[in-house]
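Asks: Supplied structure: query12.txt, compact mmCIF, C-alpha atoms and all ligand atoms.
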```txt
# COMPACT_ATOMS: atom_id res chain seq x y z
CA LYS A 1 45.37 -17.27 42.87
CA VAL A 2 44.86 -18.98 39.54
CA SER A 3 47.31 -19.31 36.66
CA VAL A 4 46.51 -20.93 33.33
CA LEU A 5 48.77 -23.20 31.26
CA ARG A 6 47.84 -23.68 27.62
CA ILE A 7 49.61 -26.58 25.96
CA GLY A 8 49.73 -27.80 22.36
CA HIS A 9 49.51 -24.53 20.43
CA ARG A 10 49.83 -25.11 16.66
CA LEU A 11 51.80 -22.32 15.01
CA VAL A 12 49.78 -19.54 13.32
CA ARG A 13 46.67 -21.70 12.94
CA ASP A 14 45.92 -21.39 16.67
CA ASP A 15 46.91 -17.74 17.19
CA ARG A 16 43.38 -16.45 17.47
CA VAL A 17 42.18 -19.20 19.81
CA THR A 18 45.26 -18.81 22.01
CA THR A 19 44.77 -15.05 22.16
CA HIS A 20 41.16 -15.63 23.21
CA ALA A 21 42.21 -18.14 25.87
CA ALA A 22 44.57 -15.49 27.27
CA LEU A 23 41.94 -12.73 27.15
CA VAL A 24 39.37 -14.95 28.87
CA ALA A 25 41.93 -15.91 31.53
CA ARG A 26 42.56 -12.21 32.17
CA ALA A 27 38.96 -11.02 32.08
CA PHE A 28 37.67 -13.90 34.23
CA GLY A 29 40.09 -13.50 37.10
CA ALA A 30 43.31 -15.47 36.45
CA ASP A 31 46.62 -13.73 37.16
CA ARG A 32 48.77 -15.25 34.46
CA ILE A 33 48.88 -17.51 31.43
CA TYR A 34 51.78 -19.72 30.41
CA MET A 35 51.80 -20.70 26.77
CA THR A 36 53.95 -23.05 24.74
CA GLY A 37 55.08 -22.51 21.17
CA VAL A 38 53.31 -19.21 20.50
CA ASP A 39 54.34 -16.32 18.34
CA GLN A 40 55.42 -13.12 20.10
CA SER A 41 52.44 -11.33 18.47
CA VAL A 42 50.03 -13.26 20.72
CA SER A 43 51.68 -12.03 23.91
CA ASP A 44 51.99 -8.52 22.44
CA THR A 45 48.24 -8.40 21.73
CA VAL A 46 47.39 -9.44 25.30
CA ALA A 47 49.96 -7.05 26.80
CA GLY A 48 48.37 -4.25 24.74
CA VAL A 49 44.92 -5.08 26.15
CA THR A 50 46.25 -5.04 29.72
CA LYS A 51 47.97 -1.70 29.13
CA ARG A 52 44.75 -0.14 27.81
CA TRP A 53 42.26 -1.76 30.12
CA GLY A 54 44.25 -2.25 33.34
CA GLY A 55 45.18 -5.00 35.76
CA LYS A 56 48.35 -6.96 36.21
CA PHE A 57 47.85 -9.92 33.92
CA GLU A 58 51.05 -11.68 32.88
CA VAL A 59 51.80 -13.70 29.75
CA GLN A 60 54.76 -16.05 29.81
CA VAL A 61 55.93 -18.04 26.82
CA ILE A 62 57.57 -21.23 28.06
CA GLN A 63 59.32 -24.23 26.50
CA ASP A 64 58.92 -26.95 29.09
CA TRP A 65 55.34 -27.25 30.36
CA LYS A 66 55.98 -30.49 32.26
CA GLY A 67 58.87 -28.85 34.11
CA LEU A 68 56.61 -25.93 34.96
CA ALA A 69 53.80 -28.15 36.28
CA LYS A 70 56.22 -30.24 38.33
CA ALA A 71 57.84 -27.15 39.86
CA TRP A 72 54.37 -25.74 40.60
CA LYS A 73 53.49 -28.87 42.58
CA LYS A 74 56.84 -28.95 44.36
CA GLU A 75 56.13 -25.43 45.63
CA GLY A 76 52.81 -26.60 47.06
CA GLY A 77 50.50 -25.47 44.24
CA LYS A 78 47.79 -27.72 42.81
CA VAL A 79 47.24 -28.62 39.18
CA ALA A 80 43.73 -28.85 37.67
CA HIS A 81 43.57 -30.21 34.12
CA LEU A 82 40.38 -29.48 32.20
CA THR A 83 39.22 -32.52 30.26
CA MET A 84 35.88 -34.03 29.33
CA TYR A 85 37.13 -37.32 30.88
CA GLY A 86 37.47 -35.80 34.36
CA ILE A 87 35.16 -35.48 37.33
CA ASN A 88 32.40 -32.93 37.24
CA ILE A 89 33.44 -29.41 38.27
CA ASP A 90 30.66 -29.34 40.87
CA GLU A 91 32.26 -32.26 42.72
CA ALA A 92 35.59 -30.44 43.06
CA ALA A 93 34.77 -26.71 43.10
CA GLU A 94 34.53 -26.34 46.86
CA ARG A 95 37.87 -28.04 47.47
CA LEU A 96 39.50 -26.09 44.62
CA ARG A 97 38.35 -22.76 46.07
CA LYS A 98 40.24 -23.58 49.27
CA GLU A 99 43.54 -24.12 47.46
CA GLU A 100 45.97 -21.22 47.58
CA ARG A 101 47.52 -21.61 44.13
CA ILE A 102 46.00 -23.39 41.17
CA LEU A 103 47.49 -24.05 37.76
CA VAL A 104 44.72 -24.81 35.27
CA ILE A 105 45.87 -26.79 32.24
CA ILE A 106 43.92 -26.48 29.00
CA GLY A 107 44.75 -28.28 25.75
CA ALA A 108 44.46 -27.55 22.06
CA GLU A 109 44.32 -30.88 20.22
CA LYS A 110 45.24 -34.24 21.74
CA VAL A 111 46.62 -33.70 25.22
CA PRO A 112 49.61 -35.87 26.26
CA ARG A 113 48.99 -38.54 28.91
CA GLU A 114 51.38 -36.75 31.31
CA ALA A 115 48.86 -33.92 31.77
CA TYR A 116 46.31 -36.40 33.15
CA GLU A 117 48.96 -37.93 35.41
CA LEU A 118 50.49 -34.71 36.67
CA ALA A 119 47.09 -33.26 37.52
CA ASP A 120 45.86 -33.30 41.12
CA TYR A 121 42.39 -32.90 39.63
CA ASN A 122 41.11 -33.84 36.16
CA ILE A 123 38.03 -31.66 35.85
CA ALA A 124 35.20 -31.94 33.35
CA ILE A 125 33.00 -29.02 32.43
CA GLY A 126 30.38 -31.57 31.47
CA ASN A 127 31.39 -34.81 29.74
CA GLN A 128 30.81 -33.63 26.18
CA PRO A 129 33.61 -32.42 23.91
CA HIS A 130 33.64 -28.63 23.39
CA SER A 131 36.28 -25.92 23.63
CA GLU A 132 39.15 -24.95 25.91
CA ILE A 133 37.98 -21.34 25.91
CA ALA A 134 34.48 -22.27 27.05
CA ALA A 135 35.87 -24.77 29.57
CA LEU A 136 38.25 -22.14 31.00
CA ALA A 137 35.51 -19.52 31.24
CA ILE A 138 33.16 -21.81 33.16
CA PHE A 139 35.98 -23.09 35.39
CA LEU A 140 37.01 -19.55 36.39
CA ASP A 141 33.40 -18.53 36.87
CA ARG A 142 32.90 -21.42 39.32
CA MET A 143 36.18 -20.63 41.08
CA PHE A 144 35.29 -16.98 41.65
CA LYS A 145 31.51 -17.44 41.81
CA GLY A 146 30.97 -14.64 39.28
CA LYS A 147 32.64 -11.98 41.43
CA GLN A 148 35.46 -11.57 38.88
CA LEU A 149 33.01 -9.90 36.50
CA LYS A 150 32.53 -7.00 38.89
CA LYS A 151 36.18 -6.49 39.70
CA GLU A 152 37.73 -3.13 38.76
CA LEU A 153 41.15 -3.44 37.17
CA ALA A 154 43.42 -0.57 38.17
CA GLY A 155 46.03 1.15 36.08
CA GLY A 156 44.50 1.16 32.59
CA ARG A 157 44.12 4.08 30.22
CA LEU A 158 40.47 3.36 29.40
CA LYS A 159 37.44 2.58 31.50
CA ILE A 160 33.97 1.66 30.35
CA VAL A 161 30.99 3.45 31.80
CA PRO A 162 28.33 0.75 31.53
CA ALA A 163 25.46 1.97 29.40
CA ALA A 164 22.21 0.38 28.34
CA ARG A 165 22.52 2.08 24.97
CA GLY A 166 25.58 3.14 23.02
CA LYS A 167 29.22 3.14 24.07
CA GLN A 168 30.69 5.22 26.87
CA VAL A 169 34.41 5.07 27.46
CA ARG A 170 36.33 7.33 29.82
CA GLU A 171 39.97 8.12 29.28
CA ILE A 172 41.99 8.08 32.49
CA LYS A 173 44.67 10.72 32.62
N1 LIG B 1 40.26 -34.34 21.83
C1 LIG B 1 41.25 -33.75 22.67
C2 LIG B 1 41.66 -34.73 23.75
O1 LIG B 1 40.99 -35.72 23.94
O2 LIG B 1 42.65 -34.49 24.44
C3 LIG B 1 40.72 -32.44 23.27
C4 LIG B 1 40.47 -31.34 22.28
S1 LIG B 1 39.49 -29.97 22.86
C5 LIG B 1 39.11 -29.16 21.37
C6 LIG B 1 40.64 -28.85 23.53
C7 LIG B 1 40.61 -28.66 25.02
O3 LIG B 1 39.33 -28.19 25.41
C8 LIG B 1 40.86 -29.87 25.87
O4 LIG B 1 42.23 -30.17 25.97
C9 LIG B 1 40.26 -29.42 27.21
O5 LIG B 1 41.20 -28.67 27.98
C10 LIG B 1 39.10 -28.53 26.78
N2 LIG B 1 37.79 -29.20 26.86
C11 LIG B 1 36.99 -29.55 25.83
N3 LIG B 1 35.85 -30.12 26.29
C12 LIG B 1 35.93 -30.10 27.64
C13 LIG B 1 35.06 -30.54 28.69
N4 LIG B 1 33.88 -31.12 28.45
N5 LIG B 1 35.46 -30.36 29.96
C14 LIG B 1 36.64 -29.77 30.25
N6 LIG B 1 37.51 -29.36 29.30
C15 LIG B 1 37.16 -29.51 28.01
```
Could you render the structure as structure tokens?
Ligand code: SAM
Replies:
Amino acid sequence: KVSVLRIGHRLVRDDRVTTHAALVARAFGADRIYMTGVDQSVSDTVAGVTKRWGGKFEVQVIQDWKGLAKAWKKEGGKVAHLTMYGINIDEAAERLRKEERILVIIGAEKVPREAYELADYNIAIGNQPHSEIAALAIFLDRMFKGKQLKKELAGGRLKIVPAARGKQVREIK
């Protein structure tokens, strides 16, 4: 079970990136994303995608991310913070897969020191600076070993029929 925590959203300017972080979390196998400081429209967009395309993905807008991470740990969950300063994902992936509940923290701009300290694991997706969306995608892919891409999400209104050419979408009544 993996939940994502995105911290440091900058109003309006980051809406698109935050929406993409949420959509990647959903499509790549996480159950939930917690976000700080976002506009309601971001959670509405993601809720709309889940309604159309299925699954049970949850978006929660929160105020106090440190409180959330501390409570997560108190309840026995582990916290993995994605940062280029961390240890390589390949060194930690096997241990992480054995954990029952993981909260993955991703940042936007400069991440406060507390995130590094609260984390049980500071994980690097390589030691070069890139993007929280890319980092999250690779992290989830390693966690689920690619199986998340074949998972069927129940309950949606639309379903894609994979096609080599063109678009085929089935409406579910
Ligand atoms: N410069 C900022 C800092 O030092 O805290 C990070 C900014 S980066 C654009 C935004 C987020 O992308 C980071 O907080 C981290 O979660 C993620 N990220 C970027 N490169 C990464 C890497 N090589 N490994 C893991 N996460 C990475």
Asks: Taking into account all atoms listed in the file, which residue in the set A:Leu149, A:Ala92, A:Lys66, A:Ile172 is nearest to Arg113 of chain A?
Replies: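 Nearest candidate to Arg113 of chain A out of A:Leu149, A:Ala92, A:Lys66, A:Ile172: A:Lys66.
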Asks: Please report, as AutoDock Vina command-line options, the centre and edge lengths in Å to one decimal of an axis-aligned box covering all listed atoms of ligand LIG 1 (chain B) with 6 Å per side.
Replies:
```
--center_x 38.3 --center_y -32.0 --center_z 25.8 --size_x 20.8 --size_y 19.5 --size_z 20.9
```
Asks: For Leu82 of chain A, list every protein, DNA or RNA residue within 12 Å, evaluated using only C-alpha atoms, and leave out those in the same chain fewer than 3 positions away; present the list as a ChimeraX atom specification.
Replies: /A:4-7,79,85-89,92,103-108,111,115-116,119-127,129-140
Asks: Using only C-alpha atoms and all ligand atoms, pick whichever of A:Ala69, A:Ile33, A:Leu158, A:Val17 has the shortest atom-to-atom distance to ligand LIG 1 (chain B).
Replies: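 Residue with the minimum atom-to-atom distance to ligand LIG 1 (chain B): A:Val17.
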Asks: Can you work out the spacing between atom CA of Lys51 of chain A and atom CA of Thr18 of chain A in Å, to one decimal?
Replies: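 One can read the atom CA of Lys51 of chain A to atom CA of Thr18 of chain A distance as 18.7 Å.
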Asks: Taking all atoms listed in the file into account, name the residue in A:His81, A:Val169, A:Gly8, A:Ser43 that is nearest to Gln63 of chain A.
Replies: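 Closest candidate: A:Gly8.
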